[in-house]
>>> print(open('protein.cif').read())   # mmCIF, C-alpha atoms
data_entry
loop_
_atom_site.group_PDB
_atom_site.id
_atom_site.type_symbol
_atom_site.label_atom_id
_atom_site.label_comp_id
_atom_site.auth_asym_id
_atom_site.auth_seq_id
_atom_site.Cartn_x
_atom_site.Cartn_y
_atom_site.Cartn_z
ATOM 1 C CA MET A 1 -2.015 49.344 -5.985
ATOM 2 C CA SER A 2 -1.566 52.908 -7.173
ATOM 3 C CA TYR A 3 -0.389 54.044 -10.592
ATOM 4 C CA ALA A 4 2.897 55.182 -9.044
ATOM 5 C CA VAL A 5 3.556 51.664 -7.799
ATOM 6 C CA TRP A 6 3.058 50.217 -11.291
ATOM 7 C CA VAL A 7 5.455 52.793 -12.745
ATOM 8 C CA ALA A 8 8.019 51.959 -10.073
ATOM 9 C CA ALA A 9 7.576 48.254 -10.859
ATOM 10 C CA ALA A 10 8.212 48.815 -14.578
ATOM 11 C CA VAL A 11 11.303 50.926 -13.924
ATOM 12 C CA THR A 12 12.567 48.334 -11.452
ATOM 13 C CA ALA A 13 12.163 45.533 -14.001
ATOM 14 C CA VAL A 14 14.174 47.463 -16.603
ATOM 15 C CA LEU A 15 16.927 48.180 -14.088
ATOM 16 C CA PHE A 16 17.011 44.548 -12.972
ATOM 17 C CA ALA A 17 17.488 43.390 -16.567
ATOM 18 C CA SER A 18 20.155 46.048 -17.144
ATOM 19 C CA ASP A 19 22.048 44.934 -14.060
ATOM 20 C CA TRP A 20 21.901 41.264 -15.123
ATOM 21 C CA TRP A 21 23.334 42.269 -18.489
ATOM 22 C CA ALA A 22 26.132 44.199 -16.777
ATOM 23 C CA VAL A 23 26.954 41.277 -14.471
ATOM 24 C CA TRP A 24 27.016 38.718 -17.271
ATOM 25 C CA HIS A 25 29.193 40.903 -19.500
ATOM 26 C CA ARG A 26 31.349 41.978 -16.550
ATOM 27 C CA ARG A 27 30.629 45.647 -17.082
ATOM 28 C CA ALA A 28 31.473 46.957 -13.624
ATOM 29 C CA ASP A 29 30.999 50.542 -14.815
ATOM 30 C CA VAL A 30 27.355 49.850 -15.708
ATOM 31 C CA GLU A 31 26.737 47.757 -12.611
ATOM 32 C CA ARG A 32 27.816 50.616 -10.348
ATOM 33 C CA LEU A 33 24.798 52.511 -11.661
ATOM 34 C CA THR A 34 22.187 49.811 -12.234
ATOM 35 C CA LYS A 35 22.670 47.814 -9.023
ATOM 36 C CA PRO A 36 21.852 50.599 -6.526
ATOM 37 C CA ALA A 37 19.361 52.241 -8.913
ATOM 38 C CA ALA A 38 17.322 49.017 -9.066
ATOM 39 C CA MET A 39 16.963 48.964 -5.284
ATOM 40 C CA VAL A 40 16.039 52.642 -5.170
ATOM 41 C CA ALA A 41 13.235 51.987 -7.673
ATOM 42 C CA LEU A 42 12.016 48.971 -5.695
ATOM 43 C CA LEU A 43 12.080 51.059 -2.527
ATOM 44 C CA ALA A 44 9.932 53.690 -4.192
ATOM 45 C CA GLY A 45 7.271 51.116 -4.945
ATOM 46 C CA ALA A 46 7.436 49.539 -1.490
ATOM 47 C CA THR A 47 6.532 52.692 0.404
ATOM 48 C CA ASP A 48 2.860 51.938 -0.340
ATOM 49 C CA SER A 49 3.027 48.576 1.439
ATOM 50 C CA SER A 50 1.002 47.644 4.509
ATOM 51 C CA ALA A 51 4.168 46.126 5.971
ATOM 52 C CA GLY A 52 5.296 49.699 6.519
ATOM 53 C CA ARG A 53 8.559 50.787 8.003
ATOM 54 C CA TRP A 54 10.060 47.322 8.450
ATOM 55 C CA LEU A 55 9.851 46.596 4.730
ATOM 56 C CA VAL A 56 11.337 49.975 3.826
ATOM 57 C CA LEU A 57 14.133 49.411 6.351
ATOM 58 C CA ALA A 58 14.879 45.949 4.906
ATOM 59 C CA LEU A 59 15.112 47.325 1.378
ATOM 60 C CA GLY A 60 17.191 50.290 2.518
ATOM 61 C CA LEU A 61 19.688 47.970 4.174
ATOM 62 C CA GLY A 62 19.718 45.862 1.012
ATOM 63 C CA LEU A 63 20.692 49.007 -0.884
ATOM 64 C CA VAL A 64 23.515 49.656 1.596
ATOM 65 C CA GLY A 65 24.695 46.059 1.229
ATOM 66 C CA ASP A 66 24.609 46.301 -2.555
ATOM 67 C CA VAL A 67 26.773 49.414 -2.538
ATOM 68 C CA LEU A 68 29.286 47.857 -0.146
ATOM 69 C CA LEU A 69 29.576 44.699 -2.245
ATOM 70 C CA LEU A 70 30.379 46.661 -5.382
ATOM 71 C CA GLU A 71 33.987 46.440 -4.180
ATOM 72 C CA ASP A 72 35.396 42.970 -3.514
ATOM 73 C CA THR A 73 37.447 43.542 -0.361
ATOM 74 C CA PRO A 74 37.268 41.681 2.982
ATOM 75 C CA ASN A 75 36.134 44.732 4.952
ATOM 76 C CA ARG A 76 33.397 45.643 2.492
ATOM 77 C CA PHE A 77 32.250 42.019 2.368
ATOM 78 C CA VAL A 78 31.850 41.951 6.150
ATOM 79 C CA GLY A 79 30.088 45.329 6.023
ATOM 80 C CA GLY A 80 27.724 44.057 3.340
ATOM 81 C CA LEU A 81 27.124 40.895 5.357
ATOM 82 C CA ALA A 82 26.185 42.987 8.394
ATOM 83 C CA ALA A 83 23.829 45.205 6.362
ATOM 84 C CA PHE A 84 22.017 42.234 4.862
ATOM 85 C CA LEU A 85 21.865 40.433 8.213
ATOM 86 C CA VAL A 86 20.067 43.368 9.852
ATOM 87 C CA GLY A 87 17.971 43.695 6.687
ATOM 88 C CA HIS A 88 16.818 40.085 7.050
ATOM 89 C CA LEU A 89 15.853 40.796 10.656
ATOM 90 C CA ALA A 90 13.783 43.712 9.353
ATOM 91 C CA TYR A 91 12.115 41.329 6.891
ATOM 92 C CA VAL A 92 11.330 38.987 9.778
ATOM 93 C CA ALA A 93 9.718 41.884 11.649
ATOM 94 C CA SER A 94 7.791 42.783 8.505
ATOM 95 C CA PHE A 95 6.453 39.227 8.185
ATOM 96 C CA VAL A 96 5.384 39.228 11.830
ATOM 97 C CA ALA A 97 3.697 42.597 11.311
ATOM 98 C CA VAL A 98 1.491 41.306 8.479
ATOM 99 C CA GLY A 99 0.677 38.147 10.426
ATOM 100 C CA LEU A 100 1.906 34.554 10.556
ATOM 101 C CA ASP A 101 -1.446 33.132 9.513
ATOM 102 C CA SER A 102 -0.187 29.751 8.240
ATOM 103 C CA PRO A 103 2.462 28.503 10.668
ATOM 104 C CA VAL A 104 2.248 24.990 9.233
ATOM 105 C CA LEU A 105 3.674 26.302 5.947
ATOM 106 C CA GLY A 106 6.797 27.223 7.879
ATOM 107 C CA TRP A 107 7.853 23.622 7.326
ATOM 108 C CA LEU A 108 8.391 24.513 3.658
ATOM 109 C CA GLY A 109 10.886 27.137 4.749
ATOM 110 C CA ALA A 110 12.545 24.627 7.048
ATOM 111 C CA ALA A 111 12.870 22.187 4.149
ATOM 112 C CA VAL A 112 14.471 24.927 2.032
ATOM 113 C CA LEU A 113 16.941 25.612 4.817
ATOM 114 C CA VAL A 114 17.881 21.942 5.196
ATOM 115 C CA LEU A 115 18.461 21.634 1.445
ATOM 116 C CA ALA A 116 20.611 24.781 1.450
ATOM 117 C CA LEU A 117 22.688 23.436 4.336
ATOM 118 C CA VAL A 118 23.265 20.173 2.456
ATOM 119 C CA VAL A 119 24.248 21.942 -0.768
ATOM 120 C CA GLY A 120 26.359 24.495 1.088
ATOM 121 C CA ARG A 121 27.941 22.162 3.617
ATOM 122 C CA ARG A 122 31.416 23.400 2.623
ATOM 123 C CA ILE A 123 30.611 27.073 3.190
ATOM 124 C CA LEU A 124 31.469 27.293 6.882
ATOM 125 C CA PRO A 125 34.693 25.285 6.553
ATOM 126 C CA GLY A 126 35.662 27.548 3.641
ATOM 127 C CA ALA A 127 34.893 30.697 5.641
ATOM 128 C CA LEU A 128 36.893 29.335 8.566
ATOM 129 C CA ALA A 129 39.853 28.571 6.299
ATOM 130 C CA GLN A 130 39.770 32.053 4.740
ATOM 131 C CA GLY A 131 39.201 34.239 7.778
ATOM 132 C CA GLY A 132 39.140 32.097 10.891
ATOM 133 C CA PRO A 133 36.407 32.402 13.536
ATOM 134 C CA ARG A 134 36.247 36.167 12.949
ATOM 135 C CA LEU A 135 34.655 35.461 9.558
ATOM 136 C CA ALA A 136 33.100 32.034 10.131
ATOM 137 C CA VAL A 137 31.017 33.100 13.151
ATOM 138 C CA PRO A 138 29.267 36.036 11.365
ATOM 139 C CA VAL A 139 28.616 33.764 8.379
ATOM 140 C CA ALA A 140 27.051 31.145 10.674
ATOM 141 C CA VAL A 141 24.876 33.782 12.353
ATOM 142 C CA TYR A 142 23.832 35.072 8.938
ATOM 143 C CA MET A 143 22.830 31.579 7.841
ATOM 144 C CA ALA A 144 20.680 31.178 10.946
ATOM 145 C CA VAL A 145 18.936 34.508 10.384
ATOM 146 C CA ILE A 146 18.155 33.889 6.727
ATOM 147 C CA GLY A 147 16.883 30.436 7.690
ATOM 148 C CA ALA A 148 14.474 32.059 10.131
ATOM 149 C CA MET A 149 13.406 34.466 7.404
ATOM 150 C CA ALA A 150 12.611 31.561 5.075
ATOM 151 C CA VAL A 151 10.531 29.788 7.722
ATOM 152 C CA LEU A 152 8.573 32.898 8.687
ATOM 153 C CA GLY A 153 8.164 33.981 5.072
ATOM 154 C CA TRP A 154 6.222 30.809 4.333
ATOM 155 C CA ALA A 155 4.410 31.057 7.673
ATOM 156 C CA THR A 156 2.754 34.289 6.491
ATOM 157 C CA GLY A 157 0.628 32.123 4.200
ATOM 158 C CA ARG A 158 1.468 34.371 1.252
ATOM 159 C CA PRO A 159 3.040 32.283 -1.558
ATOM 160 C CA LEU A 160 4.891 35.202 -3.160
ATOM 161 C CA VAL A 161 6.519 36.073 0.151
ATOM 162 C CA GLY A 162 7.486 32.437 0.721
ATOM 163 C CA LEU A 163 8.935 32.116 -2.766
ATOM 164 C CA GLY A 164 10.837 35.372 -2.325
ATOM 165 C CA ALA A 165 12.333 34.177 0.952
ATOM 166 C CA THR A 166 13.271 30.881 -0.739
ATOM 167 C CA LEU A 167 15.048 32.694 -3.565
ATOM 168 C CA PHE A 168 16.924 34.738 -0.981
ATOM 169 C CA VAL A 169 18.270 31.500 0.481
ATOM 170 C CA VAL A 170 19.255 30.344 -3.028
ATOM 171 C CA SER A 171 20.963 33.651 -3.785
ATOM 172 C CA ASP A 172 22.939 33.789 -0.556
ATOM 173 C CA THR A 173 23.920 30.128 -0.806
ATOM 174 C CA ALA A 174 25.235 30.692 -4.337
ATOM 175 C CA LEU A 175 27.089 33.828 -3.188
ATOM 176 C CA ALA A 176 28.722 31.998 -0.286
ATOM 177 C CA MET A 177 29.603 29.002 -2.450
ATOM 178 C CA GLY A 178 31.252 31.318 -4.959
ATOM 179 C CA ARG A 179 33.240 33.137 -2.299
ATOM 180 C CA PHE A 180 34.232 30.305 0.030
ATOM 181 C CA VAL A 181 34.127 27.135 -2.083
ATOM 182 C CA GLN A 182 34.406 27.591 -5.852
ATOM 183 C CA ASN A 183 33.564 30.542 -8.058
ATOM 184 C CA ARG A 184 32.261 29.740 -11.525
ATOM 185 C CA ARG A 185 31.487 31.916 -14.527
ATOM 186 C CA TRP A 186 27.741 31.757 -13.927
ATOM 187 C CA THR A 187 27.781 32.164 -10.132
ATOM 188 C CA GLN A 188 27.370 35.938 -10.007
ATOM 189 C CA ILE A 189 24.508 36.060 -12.498
ATOM 190 C CA VAL A 190 22.657 33.384 -10.514
ATOM 191 C CA VAL A 191 23.237 35.402 -7.352
ATOM 192 C CA MET A 192 21.870 38.627 -8.827
ATOM 193 C CA VAL A 193 18.868 37.155 -10.663
ATOM 194 C CA THR A 194 17.668 35.238 -7.607
ATOM 195 C CA TYR A 195 18.435 38.178 -5.317
ATOM 196 C CA HIS A 196 16.451 40.664 -7.362
ATOM 197 C CA LEU A 197 13.530 38.288 -7.852
ATOM 198 C CA ALA A 198 13.549 37.536 -4.122
ATOM 199 C CA GLN A 199 13.225 41.210 -3.228
ATOM 200 C CA ALA A 200 10.547 41.815 -5.861
ATOM 201 C CA LEU A 201 8.449 38.791 -4.854
ATOM 202 C CA ILE A 202 8.510 39.721 -1.188
ATOM 203 C CA VAL A 203 7.485 43.297 -1.959
ATOM 204 C CA ALA A 204 4.737 42.119 -4.332
ATOM 205 C CA GLY A 205 3.504 39.563 -1.808
ATOM 206 C CA LEU A 206 3.194 42.235 0.868
ATOM 207 C CA LEU A 207 1.653 44.818 -1.460
ATOM 208 C CA LEU A 208 -1.046 42.375 -2.504
ATOM 209 C CA THR A 209 -2.206 41.653 1.039
#
>>> encode(input="protein.cif", output="structure tokens")
Amino acid sequence: MSYAVWVAAAVTAVLFASDWWAVWHRRADVERLTKPAAMVALLAGATDSSAGRWLVLALGLGLVGDVLLLEDTPNRFVGGLAAFLVGHLAYVASFVAVGLDSPVLGWLGAAVLVLALVVGRRILPGALAQGGPRLAVPVAVYMAVIGAMAVLGWATGRPLVGLGATLFVVSDTALAMGRFVQNRRWTQIVVMVTYHLAQALIVAGLLLT
């Protein structure tokens, strides 16, 4: 990896930590700066990846989703959901591009998905109660797509990519539980820590191929 990538990684780590601090202390003013800035820094480092345009597209859509979710309104939530859904499809394309060299490891991703469905079994009923089929159907589609991402992430045979995809499932499950089931004091910090680590691990796993 180039020197520029290492610099981008260091800046990204600082911005991640700053955003976690802002989330925990409920400093929305700081989070408005650190949340998108962290993704911009990660994007800068990812441009040197062999996964190419798909990875950059996935991170770019993650940035769009982050910005939309800075405001907690139904329309922005659905917009963020759509951005991340297409972003996960871009991740899937990125994984296929680098090669699914260990398809048997996809069973690890399947196991992660089953566990998430058990833990989050009240998510779809909660989404249905809040917004009817108009909300529940996109949530169900999103769950299917991120499940596919977890399976294919492990199928690449790259542990960092698999772990990153797993943390994405954890992050999105926690986010959905907080929105549709029960929101706790620690929910948002869990969402952001696992989300940031997921993105970073996937990028690192692809950069190291």
>>> resolve_selection(input="protein.cif", expression="the PyMOL selection byres ((chain A and resi 114) around 12)", output="ChimeraX atom specification")
/A:107-113,115-121,143-144,147-148,150-151,166,169-170,173
>>> atom_distance(input="protein.cif", atom1="CA of Leu70 in chain A", atom2="CA of Trp20 in chain A")
14.0 Å
>>> atom_distance(input="protein.cif", atom1="CA of Thr194 in chain A", atom2="CA of Pro103 in chain A")
24.7 Å
>>> closest_residue(input="protein.cif", among="A:Trp24, A:Tyr91, A:Trp6, A:Trp154", to="Gly106 in chain A", atoms="all atoms listed in the file")
A:Trp154
>>> closest_residue(input="protein.cif", among="A:His196, A:Val190, A:Gly87, A:Leu59", to="Val14 in chain A", atoms="all atoms listed in the file")
A:His196
>>> atom_distance(input="protein.cif", atom1="CA of Leu81 in chain A", atom2="CA of Pro133 in chain A")
15.0 Å
>>> closest_residue(input="protein.cif", among="A:Val137, A:Ala38, A:Leu43, A:Leu208", to="Tyr195 in chain A", atoms="all atoms listed in the file")
A:Ala38
>>> resolve_selection(input="protein.cif", expression="the PyMOL selection byres ((chain A and resi 204) around 10)", output="PyMOL selection string")
chain A and resi 9+45-46+49+160-161+164+198-203+205-209
>>> closest_residue(input="protein.cif", among="A:Ala83, A:Ala97, A:Ala127, A:Leu135", to="Arg53 in chain A", atoms="all atoms listed in the file")
A:Ala97
>>> closest_residue(input="protein.cif", among="A:Ala8, A:Leu167, A:Leu61, A:Val40", to="Met192 in chain A", atoms="only C-alpha atoms")
A:Leu167
>>> closest_residue(input="protein.cif", among="A:Phe16, A:Phe77, A:Phe84, A:Trp54", to="Ala41 in chain A", atoms="all atoms listed in the file")
A:Phe16
>>> resolve_selection(input="protein.cif", expression="the PyMOL selection byres ((chain A and resi 101) around 12)", output="MDAnalysis selection string")
chainID A and resid 95:100 102:106 152:159
>>> write_last_selection(input="protein.cif", atoms="C-alpha atoms", output="mmCIF file, keeping the file's coordinate frame")
data_model
loop_
_atom_site.group_PDB
_atom_site.id
_atom_site.type_symbol
_atom_site.label_atom_id
_atom_site.label_comp_id
_atom_site.auth_asym_id
_atom_site.auth_seq_id
_atom_site.Cartn_x
_atom_site.Cartn_y
_atom_site.Cartn_z
ATOM 1 C CA PHE A 95 6.453 39.227 8.185
ATOM 2 C CA VAL A 96 5.384 39.228 11.830
ATOM 3 C CA ALA A 97 3.697 42.597 11.311
ATOM 4 C CA VAL A 98 1.491 41.306 8.479
ATOM 5 C CA GLY A 99 0.677 38.147 10.426
ATOM 6 C CA LEU A 100 1.906 34.554 10.556
ATOM 7 C CA SER A 102 -0.187 29.751 8.240
ATOM 8 C CA PRO A 103 2.462 28.503 10.668
ATOM 9 C CA VAL A 104 2.248 24.990 9.233
ATOM 10 C CA LEU A 105 3.674 26.302 5.947
ATOM 11 C CA GLY A 106 6.797 27.223 7.879
ATOM 12 C CA LEU A 152 8.573 32.898 8.687
ATOM 13 C CA GLY A 153 8.164 33.981 5.072
ATOM 14 C CA TRP A 154 6.222 30.809 4.333
ATOM 15 C CA ALA A 155 4.410 31.057 7.673
ATOM 16 C CA THR A 156 2.754 34.289 6.491
ATOM 17 C CA GLY A 157 0.628 32.123 4.200
ATOM 18 C CA ARG A 158 1.468 34.371 1.252
ATOM 19 C CA PRO A 159 3.040 32.283 -1.558
#
>>> residues_near_point(input="protein.cif", point="(20.2, 49.0, -8.4)", cutoff="8 Å", atoms="all atoms listed in the file", output="VMD selection string")
chain A and resid 15 to 16 19 31 33 to 41 63 66
>>> axis_aligned_box(input="protein.cif", around="range 102-118 of chain A", padding_each_side="8 Å", output="lines of an AutoDock Vina configuration file")
center_x = 11.5
center_y = 25.0
center_z = 6.1
size_x = 39.5
size_y = 25.6
size_z = 25.2
